[in-house]
There are 2 protein chains.
Amino acid sequence: MPLSRRSILQGAVASAAALAFPARADDLAPIYAEIAKRHDETVKRIQRWIATPAVAAESLNSEEGVKQFIDLLKEAGFQSAVRVPSDGKPGVFALLDAGAPKTLGLYFMYDVKQFDPKEWTSPPLEGRLVDKPGFGKCIVGRGAVNQKGPEGAFLAALHAIRGTGRKLPVNLVLVAEGEEEIGSPHFPQIVRRPEVQQALSRCVGIEMPSAAQGADGTLEIALGAKGVIEAELVSTGERWGRGPGKDVHSSLRASLDSPAYHLVQALTTLVTPDGVDPAIDGWFEKVRGLSPAEQQMVDIAARRQSEEQLKKQLAVSRWARDLPFRDALARLTGQPTVNIEGLVGGYTGQGGKTVLPHRAVAKMDFRLVPDMTVPDCLAKLRAHLAKRGFGDIEVNMTGGYDPNTTPADSALIKAEMATYRKLGLDPILWPRGGGSWPGYVFTEAPLKLAAGHFGAGHGSGAHAPDEYYLVESTNPKLLGLDAAVRSFVDFMHQVASS
Amino acid sequence: MPLSRRSILQGAVASAAALAFPARADDLAPIYAEIAKRHDETVKRIQRWIATPAVAAESLNSEEGVKQFIDLLKEAGFQSAVRVPSDGKPGVFALLDAGAPKTLGLYFMYDVKQFDPKEWTSPPLEGRLVDKPGFGKCIVGRGAVNQKGPEGAFLAALHAIRGTGRKLPVNLVLVAEGEEEIGSPHFPQIVRRPEVQQALSRCVGIEMPSAAQGADGTLEIALGAKGVIEAELVSTGERWGRGPGKDVHSSLRASLDSPAYHLVQALTTLVTPDGVDPAIDGWFEKVRGLSPAEQQMVDIAARRQSEEQLKKQLAVSRWARDLPFRDALARLTGQPTVNIEGLVGGYTGQGGKTVLPHRAVAKMDFRLVPDMTVPDCLAKLRAHLAKRGFGDIEVNMTGGYDPNTTPADSALIKAEMATYRKLGLDPILWPRGGGSWPGYVFTEAPLKLAAGHFGAGHGSGAHAPDEYYLVESTNPKLLGLDAAVRSFVDFMHQVASS
């Protein structure tokens, strides 16, 4: 979910001058040389990882995925890396003690999204190196950018440092899960184990490796993320006690209630008459508006980003309510949402079929902003439906979590900024990503840690066919694999010296 | 579509006494003997017909289906049977001149509904004879009851009469189509050819062979059928000019309109707040209420039928608005409807996927009663949507036709009544079926003919797996294949003598 990791907002064009690499501290030069030397080894490691997809939704390879991932961690120098059971797929807890004063936390995922090989132009498990015009040589495969490529680049940074005979500048505490792609339902079980909490509590913050550059070279640092509730709203004749308990001939509609229409009517009550905003009773009670500092970030982003390019990318001609760009951006970071992901009911094949369906489902997502919480919102949603005669409609939450926030002046964010700037990149600070990730397990009590994503480089196509991660860039605005690995080396040193 | 042919209303239990066959006119006895003699030949003919399914929706076997059907007609004694081209699949026009004073019109279909062999317990194209507990030996196959079994039984009646060396008591004019299962979009082209119109104009009325007995042995005579519009309502960002033009990440919902929500809001305006009745502007303008005679038929039906049994059959605990049975029946025959057949939009697979879909579709059907017409209703639907800001939503009609009505005192209906009564069956007269069939091409100007369905016997499962037609009944309330063939012999003689 790259859109859960970094904003879709792209547009500011990094100047060529900004990409002229500044002089570096001499003592990292041997590490950079080692990175270049090990380039093929790094590519092969990522390709081997891609070859075994762990897909939680299909209960595919989760045990193989954990085992392989633990091996990768041990090879990279982690002294301990253990399988952590959960009520779902297992997680991983790993430690690398470098005897350093500072400790960096890491969040990894070893699972990938489902894929259909028929839709791919090269085999999704091969990780083939493909020339992508305008970008360069890319690894193409499921998980290439989400998240095995960037995670593999981080591991390559550890190999390179070890390869020079040096110690890491920071200790590492790593937690990983294999259910990221189904909404991390059991990740709290993994993180909240006492030994994990204790190890995490020593960290300066938690980082997930990512490929932060957009196709135009720009990148942003999001100071948190919206929360999300993914839920199926299910209307059935059985539960309603009205309409048929099985699909019947549609002529009976004259005398029977329609569970599908019941659902449609319920959905209509959840949004304002113009369809834009949530209209669930009490939904905005706990919404904290954007602070003056956050408003200022939006102002800057609106000036730096190209509205035209973004609209083109999204195939959009106007924002909701014909808002100006600045206000549309403010909503992306500050507004809760009610969204229909999918509708499924009755006959869904070619043409028509004269049935009155007994069941219809709306797949919904609800994005939450601080200080909304999942339990409170679920309760409000259920109460809203019940009050309007839709109390029979099931609200089956399938995944999600609370929003998370990380202060701009935290050591972690400062280290991100400093590292990017040394690389000649000029990140846009952004109040919070419109997408979601389970960072709340780190940012909220009791840990209250800074948490974010970091990594130079570029990739795209997460969840889609032909997902890729850039390896050898031919685009002056984009950094390739070795530069991404270097960015992780730089970042660890930056954290150590902060 | 058996529910388009006869009502789903079942419940009155035919008394055993009523099924004791009365004495018959001696001169039909040799024909009855011939029917029994040719029993296996008739079964084999139906099985061979089932083996070649013509499926218009899949453009499967339509030419083979026409050819085979024309051969069947010629073998049964039609002097001419010709392929009639249309803008869709071809129809058939056939004549059997017996030199009789009276001419009976026939409406046949040679196409069948799609099928998935995986869902069947015996191969759908084999027409295997299967023992069905509580019923007897049945032909199981696609088209067994809808409509090759009953149509094959009618053809067997022609073979039997010829087999005794006699002439038919009536002349026959037959029109057939191969697109019944997709809503008969080109049937008017076939019927409205001058030579077909001229031949039909000589007929006392039009009959489609059917298996009219419900599982409990009861049957009804419907004096017409509701009309129907089947249409897809399609909402897209492209047409709307709002929301995305492709599926985008759902985090963007904060600043983008949702075409799926746009559709849901439009659908909500089409029904009353309780979801039961159409609320489209002007929808009831041309609705003709039930006449006193029709109200009386509803009264009788409500007394004769078992509400409890019907509710059990439909898995229903209450009628819309908690109406009493009599009023629910009145609505089935007299009320127009707005129904959602299916909803399809965005992500429809397992679990969720965080997308904001650019497109959503509602598959709808609208049942029409006299004097509503398809063009008038389509125009009203579009005007209603446009007036409320939903003018961008496409209304793609995929099939349908006007309602049709046949007078209870027409010679055709009287002959049906008389024939059933001679068989010891006591049909319920019903104002109009809740389902639909394209009888309007016969009942409306210029032909203004009586039209209906006729045939003793039983079958079920049209459009579903394991569709069957009863061949050898072990149920005292149900008539088997030979009795069904006899009912057609009787009916033709009844028409001749009326």
# chains A, B, ... in the order shown; residues from 1 in each chain; ligands from 1
>>> residues_around(residues="stretch 384-401 of chain B", least_positions_apart="6", cutoff="8 Å", atoms="only C-alpha atoms", output="VMD selection string")
(chain A and resid 351 to 352) or (chain B and resid 182 to 185 227 to 236 239 to 240 262 to 263 266 280 to 281 373 to 374 437 to 438 440)
>>> write_last_selection(atoms="N, CA and C atoms", output="mmCIF file, in the first residue's frame")
data_model
loop_
_atom_site.group_PDB
_atom_site.id
_atom_site.type_symbol
_atom_site.label_atom_id
_atom_site.label_comp_id
_atom_site.auth_asym_id
_atom_site.auth_seq_id
_atom_site.Cartn_x
_atom_site.Cartn_y
_atom_site.Cartn_z
ATOM 1 N N GLY A 351 -25.344 -8.833 -18.200
ATOM 2 C CA GLY A 351 -26.757 -8.564 -18.402
ATOM 3 C C GLY A 351 -27.532 -8.583 -17.091
ATOM 4 N N GLY A 352 -28.789 -8.984 -17.145
ATOM 5 C CA GLY A 352 -29.626 -8.970 -15.959
ATOM 6 C C GLY A 352 -30.125 -10.342 -15.579
ATOM 7 N N ILE B 182 -33.070 -13.381 -23.036
ATOM 8 C CA ILE B 182 -32.417 -12.069 -22.866
ATOM 9 C C ILE B 182 -33.438 -10.942 -23.020
ATOM 10 N N GLY B 183 -34.717 -11.263 -22.859
ATOM 11 C CA GLY B 183 -35.735 -10.211 -22.837
ATOM 12 C C GLY B 183 -36.375 -9.927 -24.186
ATOM 13 N N SER B 184 -36.229 -10.866 -25.153
ATOM 14 C CA SER B 184 -36.952 -10.790 -26.427
ATOM 15 C C SER B 184 -36.761 -9.466 -27.167
ATOM 16 N N PRO B 185 -35.528 -8.950 -27.223
ATOM 17 C CA PRO B 185 -35.363 -7.617 -27.814
ATOM 18 C C PRO B 185 -35.758 -7.529 -29.290
ATOM 19 N N GLY B 227 -45.638 -5.975 -17.506
ATOM 20 C CA GLY B 227 -44.516 -5.664 -18.372
ATOM 21 C C GLY B 227 -43.261 -5.506 -17.538
ATOM 22 N N VAL B 228 -42.155 -5.310 -18.195
ATOM 23 C CA VAL B 228 -40.907 -5.167 -17.439
ATOM 24 C C VAL B 228 -39.917 -4.306 -18.222
ATOM 25 N N ILE B 229 -39.151 -3.532 -17.483
ATOM 26 C CA ILE B 229 -37.948 -2.894 -18.027
ATOM 27 C C ILE B 229 -36.775 -3.448 -17.239
ATOM 28 N N GLU B 230 -35.863 -4.115 -17.931
ATOM 29 C CA GLU B 230 -34.604 -4.473 -17.284
ATOM 30 C C GLU B 230 -33.568 -3.460 -17.750
ATOM 31 N N ALA B 231 -32.883 -2.868 -16.795
ATOM 32 C CA ALA B 231 -31.940 -1.808 -17.159
ATOM 33 C C ALA B 231 -30.778 -1.767 -16.188
ATOM 34 N N GLU B 232 -29.628 -1.411 -16.716
ATOM 35 C CA GLU B 232 -28.484 -1.140 -15.853
ATOM 36 C C GLU B 232 -28.387 0.362 -15.637
ATOM 37 N N LEU B 233 -28.330 0.766 -14.377
ATOM 38 C CA LEU B 233 -28.055 2.163 -14.053
ATOM 39 C C LEU B 233 -26.564 2.250 -13.743
ATOM 40 N N VAL B 234 -25.865 3.065 -14.530
ATOM 41 C CA VAL B 234 -24.408 3.096 -14.453
ATOM 42 C C VAL B 234 -23.942 4.499 -14.074
ATOM 43 N N SER B 235 -23.195 4.573 -12.993
ATOM 44 C CA SER B 235 -22.609 5.849 -12.566
ATOM 45 C C SER B 235 -21.102 5.785 -12.755
ATOM 46 N N THR B 236 -20.540 6.745 -13.488
ATOM 47 C CA THR B 236 -19.083 6.786 -13.666
ATOM 48 C C THR B 236 -18.568 8.208 -13.444
ATOM 49 N N ARG B 239 -18.501 10.212 -16.876
ATOM 50 C CA ARG B 239 -19.732 10.855 -17.340
ATOM 51 C C ARG B 239 -20.184 11.961 -16.402
ATOM 52 N N TRP B 240 -20.014 11.718 -15.118
ATOM 53 C CA TRP B 240 -20.459 12.676 -14.119
ATOM 54 C C TRP B 240 -19.631 13.955 -14.188
ATOM 55 N N HIS B 262 -22.879 8.331 -5.513
ATOM 56 C CA HIS B 262 -23.797 9.040 -6.406
ATOM 57 C C HIS B 262 -24.909 8.079 -6.856
ATOM 58 N N LEU B 263 -24.519 6.871 -7.209
ATOM 59 C CA LEU B 263 -25.508 5.859 -7.620
ATOM 60 C C LEU B 263 -26.437 5.500 -6.463
ATOM 61 N N ALA B 266 -28.914 8.135 -5.916
ATOM 62 C CA ALA B 266 -29.929 8.134 -6.980
ATOM 63 C C ALA B 266 -30.948 7.016 -6.742
ATOM 64 N N ILE B 280 -40.893 7.324 -8.419
ATOM 65 C CA ILE B 280 -40.429 8.044 -9.609
ATOM 66 C C ILE B 280 -41.534 8.996 -10.050
ATOM 67 N N ASP B 281 -41.153 10.230 -10.352
ATOM 68 C CA ASP B 281 -42.148 11.254 -10.706
ATOM 69 C C ASP B 281 -43.103 10.742 -11.786
ATOM 70 N N THR B 373 -46.364 2.037 -20.257
ATOM 71 C CA THR B 373 -45.633 1.548 -21.426
ATOM 72 C C THR B 373 -44.144 1.749 -21.214
ATOM 73 N N VAL B 374 -43.365 0.946 -21.886
ATOM 74 C CA VAL B 374 -41.913 1.012 -21.736
ATOM 75 C C VAL B 374 -41.360 2.388 -22.108
ATOM 76 N N TRP B 437 -43.787 -11.779 -19.852
ATOM 77 C CA TRP B 437 -43.441 -12.437 -21.118
ATOM 78 C C TRP B 437 -43.943 -11.558 -22.236
ATOM 79 N N PRO B 438 -43.370 -11.708 -23.437
ATOM 80 C CA PRO B 438 -43.642 -10.710 -24.483
ATOM 81 C C PRO B 438 -44.974 -10.909 -25.187
ATOM 82 N N TYR B 440 -47.399 -9.031 -25.247
ATOM 83 C CA TYR B 440 -47.973 -7.776 -25.755
ATOM 84 C C TYR B 440 -47.930 -7.718 -27.276
#
>>> residues_around(residues="stretch 470-476 of chain B", least_positions_apart="5", cutoff="7 Å", atoms="only C-alpha atoms", output="PyMOL selection string")
chain B and resi 134-139+457-459+481
>>> closest_atom_pairs(of="chain A", to="chain B", cutoff="6 Å", atoms="only C-alpha atoms", output="JSON lines")
{"residue": "A:Pro244", "atom": "CA", "partner": "B:Val316", "partner_atom": "CA", "distance": 4.8}
{"residue": "A:Gly245", "atom": "CA", "partner": "B:Ala315", "partner_atom": "CA", "distance": 4.6}
{"residue": "A:Ser251", "atom": "CA", "partner": "B:Gly434", "partner_atom": "CA", "distance": 4.9}
{"residue": "A:Ala254", "atom": "CA", "partner": "B:Leu332", "partner_atom": "CA", "distance": 5.2}
{"residue": "A:Ser255", "atom": "CA", "partner": "B:Ala328", "partner_atom": "CA", "distance": 5.3}
{"residue": "A:Leu256", "atom": "CA", "partner": "B:Ala320", "partner_atom": "CA", "distance": 4.8}
{"residue": "A:Asp257", "atom": "CA", "partner": "B:Ala320", "partner_atom": "CA", "distance": 5.3}
{"residue": "A:Val264", "atom": "CA", "partner": "B:Val264", "partner_atom": "CA", "distance": 5.7}
{"residue": "A:Gln265", "atom": "CA", "partner": "B:Thr268", "partner_atom": "CA", "distance": 5.7}
{"residue": "A:Thr268", "atom": "CA", "partner": "B:Gln265", "partner_atom": "CA", "distance": 5.7}
{"residue": "A:Ala315", "atom": "CA", "partner": "B:Gly245", "partner_atom": "CA", "distance": 4.6}
{"residue": "A:Val316", "atom": "CA", "partner": "B:Pro244", "partner_atom": "CA", "distance": 4.8}
{"residue": "A:Trp319", "atom": "CA", "partner": "B:Leu256", "partner_atom": "CA", "distance": 5.4}
{"residue": "A:Ala320", "atom": "CA", "partner": "B:Leu256", "partner_atom": "CA", "distance": 4.9}
{"residue": "A:Ala328", "atom": "CA", "partner": "B:Ser255", "partner_atom": "CA", "distance": 5.3}
{"residue": "A:Arg331", "atom": "CA", "partner": "B:Ala254", "partner_atom": "CA", "distance": 5.6}
{"residue": "A:Leu332", "atom": "CA", "partner": "B:Ala254", "partner_atom": "CA", "distance": 5.2}
{"residue": "A:Thr337", "atom": "CA", "partner": "B:Ala254", "partner_atom": "CA", "distance": 5.6}
{"residue": "A:Glu341", "atom": "CA", "partner": "B:Val355", "partner_atom": "CA", "distance": 5.3}
{"residue": "A:Gly342", "atom": "CA", "partner": "B:Gly346", "partner_atom": "CA", "distance": 4.3}
{"residue": "A:Leu343", "atom": "CA", "partner": "B:Gly345", "partner_atom": "CA", "distance": 4.8}
{"residue": "A:Val344", "atom": "CA", "partner": "B:Val344", "partner_atom": "CA", "distance": 5.1}
{"residue": "A:Gly345", "atom": "CA", "partner": "B:Leu343", "partner_atom": "CA", "distance": 4.8}
{"residue": "A:Gly346", "atom": "CA", "partner": "B:Gly342", "partner_atom": "CA", "distance": 4.3}
{"residue": "A:Tyr347", "atom": "CA", "partner": "B:Gly342", "partner_atom": "CA", "distance": 4.5}
{"residue": "A:Thr348", "atom": "CA", "partner": "B:Gly342", "partner_atom": "CA", "distance": 5.6}
{"residue": "A:Val355", "atom": "CA", "partner": "B:Glu341", "partner_atom": "CA", "distance": 5.3}
{"residue": "A:Leu356", "atom": "CA", "partner": "B:Glu341", "partner_atom": "CA", "distance": 5.7}
{"residue": "A:Gly434", "atom": "CA", "partner": "B:Ser251", "partner_atom": "CA", "distance": 4.9}
{"residue": "A:Gly435", "atom": "CA", "partner": "B:Ser251", "partner_atom": "CA", "distance": 5.0}
>>> residues_around(residues="A:His159", least_positions_apart="2", cutoff="10 Å", atoms="only C-alpha atoms", output="PyMOL selection string")
chain A and resi 31+34-35+38+42+75-77+153-157+161-165
>>> select_by_dssp(residues="stretch 357-470 of chain A", states="alpha helix (DSSP H)", output="ChimeraX atom specification")
/A:374-387,411-422,440-443
>>> write_last_selection(atoms="N, CA, C and O atoms", output="short mmCIF file (atom, residue, chain, number, x, y, z; two decimals), in the first residue's frame")
data_model
loop_
_atom_site.label_atom_id
_atom_site.label_comp_id
_atom_site.auth_asym_id
_atom_site.auth_seq_id
_atom_site.Cartn_x
_atom_site.Cartn_y
_atom_site.Cartn_z
N VAL A 374 -11.21 3.90 16.88
CA VAL A 374 -11.98 2.84 16.23
C VAL A 374 -13.19 2.40 17.07
O VAL A 374 -14.31 2.37 16.55
N PRO A 375 -13.01 2.09 18.37
CA PRO A 375 -14.18 1.61 19.12
C PRO A 375 -15.29 2.65 19.20
O PRO A 375 -16.47 2.33 19.05
N ASP A 376 -14.91 3.90 19.42
CA ASP A 376 -15.90 4.96 19.52
C ASP A 376 -16.65 5.13 18.20
O ASP A 376 -17.88 5.28 18.17
N CYS A 377 -15.94 5.10 17.08
CA CYS A 377 -16.58 5.29 15.78
C CYS A 377 -17.48 4.11 15.42
O CYS A 377 -18.57 4.30 14.88
N LEU A 378 -17.03 2.90 15.73
CA LEU A 378 -17.88 1.73 15.46
C LEU A 378 -19.18 1.84 16.25
O LEU A 378 -20.27 1.56 15.71
N ALA A 379 -19.08 2.25 17.50
CA ALA A 379 -20.28 2.39 18.33
C ALA A 379 -21.20 3.47 17.76
O ALA A 379 -22.42 3.29 17.71
N LYS A 380 -20.62 4.57 17.31
CA LYS A 380 -21.43 5.66 16.73
C LYS A 380 -22.12 5.20 15.44
O LYS A 380 -23.28 5.53 15.19
N LEU A 381 -21.38 4.47 14.61
CA LEU A 381 -21.96 3.98 13.36
C LEU A 381 -23.15 3.06 13.65
O LEU A 381 -24.22 3.20 13.04
N ARG A 382 -22.97 2.15 14.59
CA ARG A 382 -24.04 1.21 14.91
C ARG A 382 -25.25 1.93 15.49
O ARG A 382 -26.39 1.62 15.17
N ALA A 383 -24.98 2.92 16.35
CA ALA A 383 -26.09 3.67 16.97
C ALA A 383 -26.84 4.48 15.90
O ALA A 383 -28.08 4.54 15.90
N HIS A 384 -26.09 5.07 14.99
CA HIS A 384 -26.70 5.85 13.90
C HIS A 384 -27.63 4.96 13.07
O HIS A 384 -28.77 5.35 12.76
N LEU A 385 -27.16 3.78 12.71
CA LEU A 385 -27.98 2.87 11.90
C LEU A 385 -29.21 2.43 12.69
O LEU A 385 -30.33 2.43 12.16
N ALA A 386 -29.00 2.06 13.94
CA ALA A 386 -30.11 1.55 14.76
C ALA A 386 -31.20 2.62 14.91
O ALA A 386 -32.40 2.32 14.79
N LYS A 387 -30.78 3.87 15.11
CA LYS A 387 -31.73 4.96 15.34
C LYS A 387 -32.63 5.16 14.12
O LYS A 387 -33.76 5.64 14.25
N ALA A 411 13.19 13.58 17.33
CA ALA A 411 14.52 13.27 16.83
C ALA A 411 14.43 12.46 15.53
O ALA A 411 15.24 12.65 14.61
N LEU A 412 13.42 11.59 15.44
CA LEU A 412 13.28 10.73 14.26
C LEU A 412 13.01 11.57 13.01
O LEU A 412 13.66 11.39 11.97
N ILE A 413 12.06 12.47 13.10
CA ILE A 413 11.70 13.29 11.94
C ILE A 413 12.85 14.23 11.58
O ILE A 413 13.17 14.43 10.40
N LYS A 414 13.50 14.76 12.60
CA LYS A 414 14.66 15.63 12.33
C LYS A 414 15.76 14.86 11.60
O LYS A 414 16.41 15.39 10.69
N ALA A 415 15.96 13.61 11.99
CA ALA A 415 16.99 12.79 11.33
C ALA A 415 16.58 12.50 9.88
O ALA A 415 17.42 12.48 8.98
N GLU A 416 15.29 12.25 9.66
CA GLU A 416 14.81 12.03 8.28
C GLU A 416 15.10 13.26 7.43
O GLU A 416 15.66 13.16 6.32
N MET A 417 14.69 14.43 7.95
CA MET A 417 14.88 15.67 7.21
C MET A 417 16.36 15.88 6.88
O MET A 417 16.72 16.20 5.73
N ALA A 418 17.20 15.73 7.89
CA ALA A 418 18.63 15.99 7.70
C ALA A 418 19.22 15.04 6.66
O ALA A 418 20.00 15.45 5.79
N THR A 419 18.79 13.77 6.72
CA THR A 419 19.35 12.78 5.79
C THR A 419 18.91 13.09 4.36
O THR A 419 19.72 13.07 3.43
N TYR A 420 17.64 13.36 4.19
CA TYR A 420 17.15 13.69 2.84
C TYR A 420 17.87 14.92 2.30
O TYR A 420 18.26 14.98 1.13
N ARG A 421 18.01 15.92 3.15
CA ARG A 421 18.64 17.17 2.68
C ARG A 421 20.09 16.94 2.27
O ARG A 421 20.54 17.51 1.28
N LYS A 422 20.79 16.09 3.01
CA LYS A 422 22.17 15.77 2.62
C LYS A 422 22.19 15.08 1.26
O LYS A 422 23.17 15.18 0.52
N TYR A 440 -0.15 3.47 15.15
CA TYR A 440 -0.69 3.85 16.46
C TYR A 440 -0.16 2.93 17.57
O TYR A 440 -0.08 3.34 18.71
N VAL A 441 0.20 1.68 17.23
CA VAL A 441 0.72 0.78 18.28
C VAL A 441 2.04 1.29 18.82
O VAL A 441 2.47 0.89 19.90
N PHE A 442 2.71 2.18 18.06
CA PHE A 442 3.95 2.77 18.53
C PHE A 442 3.73 4.17 19.09
O PHE A 442 4.31 4.54 20.10
N THR A 443 2.89 4.96 18.41
CA THR A 443 2.79 6.38 18.78
C THR A 443 1.89 6.61 20.00
O THR A 443 2.03 7.63 20.67
#
>>> atom_distance(atom1="atom CA of A:Tyr469", atom2="atom CA of A:Asp216")
14.6 Å
>>> decode(residues="stretch 350-362 of chain A", atoms="N, CA, C and O atoms", output="PDB file, in the first residue's frame")
ATOM      1  N   GLN A 350     -23.079 -10.956 -16.396  1.00  0.00           N
ATOM      2  CA  GLN A 350     -23.417 -10.209 -17.606  1.00  0.00           C
ATOM      3  C   GLN A 350     -24.933  -9.967 -17.661  1.00  0.00           C
ATOM      4  O   GLN A 350     -25.720 -10.834 -17.269  1.00  0.00           O
ATOM      5  N   GLY A 351     -25.344  -8.833 -18.200  1.00  0.00           N
ATOM      6  CA  GLY A 351     -26.757  -8.564 -18.402  1.00  0.00           C
ATOM      7  C   GLY A 351     -27.532  -8.583 -17.091  1.00  0.00           C
ATOM      8  O   GLY A 351     -26.992  -8.208 -16.056  1.00  0.00           O
ATOM      9  N   GLY A 352     -28.789  -8.984 -17.145  1.00  0.00           N
ATOM     10  CA  GLY A 352     -29.626  -8.970 -15.959  1.00  0.00           C
ATOM     11  C   GLY A 352     -30.125 -10.342 -15.579  1.00  0.00           C
ATOM     12  O   GLY A 352     -29.932 -11.318 -16.297  1.00  0.00           O
ATOM     13  N   LYS A 353     -30.739 -10.437 -14.425  1.00  0.00           N
ATOM     14  CA  LYS A 353     -31.394 -11.668 -14.000  1.00  0.00           C
ATOM     15  C   LYS A 353     -32.498 -11.255 -13.044  1.00  0.00           C
ATOM     16  O   LYS A 353     -32.229 -10.533 -12.071  1.00  0.00           O
ATOM     17  N   THR A 354     -33.705 -11.703 -13.309  1.00  0.00           N
ATOM     18  CA  THR A 354     -34.853 -11.194 -12.575  1.00  0.00           C
ATOM     19  C   THR A 354     -34.975 -11.836 -11.200  1.00  0.00           C
ATOM     20  O   THR A 354     -35.849 -12.658 -10.960  1.00  0.00           O
ATOM     21  N   VAL A 355     -34.075 -11.428 -10.311  1.00  0.00           N
ATOM     22  CA  VAL A 355     -34.134 -11.902  -8.929  1.00  0.00           C
ATOM     23  C   VAL A 355     -34.325 -10.737  -7.967  1.00  0.00           C
ATOM     24  O   VAL A 355     -33.938  -9.602  -8.247  1.00  0.00           O
ATOM     25  N   LEU A 356     -34.954 -11.047  -6.846  1.00  0.00           N
ATOM     26  CA  LEU A 356     -34.998 -10.155  -5.693  1.00  0.00           C
ATOM     27  C   LEU A 356     -33.997 -10.751  -4.697  1.00  0.00           C
ATOM     28  O   LEU A 356     -34.285 -11.773  -4.076  1.00  0.00           O
ATOM     29  N   PRO A 357     -32.803 -10.145  -4.577  1.00  0.00           N
ATOM     30  CA  PRO A 357     -31.760 -10.774  -3.744  1.00  0.00           C
ATOM     31  C   PRO A 357     -32.109 -10.682  -2.260  1.00  0.00           C
ATOM     32  O   PRO A 357     -32.726  -9.710  -1.821  1.00  0.00           O
ATOM     33  N   HIS A 358     -31.658 -11.681  -1.510  1.00  0.00           N
ATOM     34  CA  HIS A 358     -31.922 -11.685  -0.070  1.00  0.00           C
ATOM     35  C   HIS A 358     -30.763 -11.065   0.703  1.00  0.00           C
ATOM     36  O   HIS A 358     -30.831 -10.936   1.924  1.00  0.00           O
ATOM     37  N   ARG A 359     -29.709 -10.673  -0.034  1.00  0.00           N
ATOM     38  CA  ARG A 359     -28.491 -10.240   0.641  1.00  0.00           C
ATOM     39  C   ARG A 359     -27.742  -9.241  -0.233  1.00  0.00           C
ATOM     40  O   ARG A 359     -27.666  -9.419  -1.442  1.00  0.00           O
ATOM     41  N   ALA A 360     -27.222  -8.211   0.395  1.00  0.00           N
ATOM     42  CA  ALA A 360     -26.362  -7.273  -0.324  1.00  0.00           C
ATOM     43  C   ALA A 360     -25.308  -6.769   0.650  1.00  0.00           C
ATOM     44  O   ALA A 360     -25.552  -6.674   1.851  1.00  0.00           O
ATOM     45  N   VAL A 361     -24.144  -6.476   0.096  1.00  0.00           N
ATOM     46  CA  VAL A 361     -23.004  -6.096   0.924  1.00  0.00           C
ATOM     47  C   VAL A 361     -22.374  -4.816   0.373  1.00  0.00           C
ATOM     48  O   VAL A 361     -22.183  -4.691  -0.836  1.00  0.00           O
ATOM     49  N   ALA A 362     -22.073  -3.889   1.273  1.00  0.00           N
ATOM     50  CA  ALA A 362     -21.245  -2.738   0.904  1.00  0.00           C
ATOM     51  C   ALA A 362     -19.918  -2.870   1.642  1.00  0.00           C
ATOM     52  O   ALA A 362     -19.898  -3.020   2.861  1.00  0.00           O
TER      53      ALA A 362
END
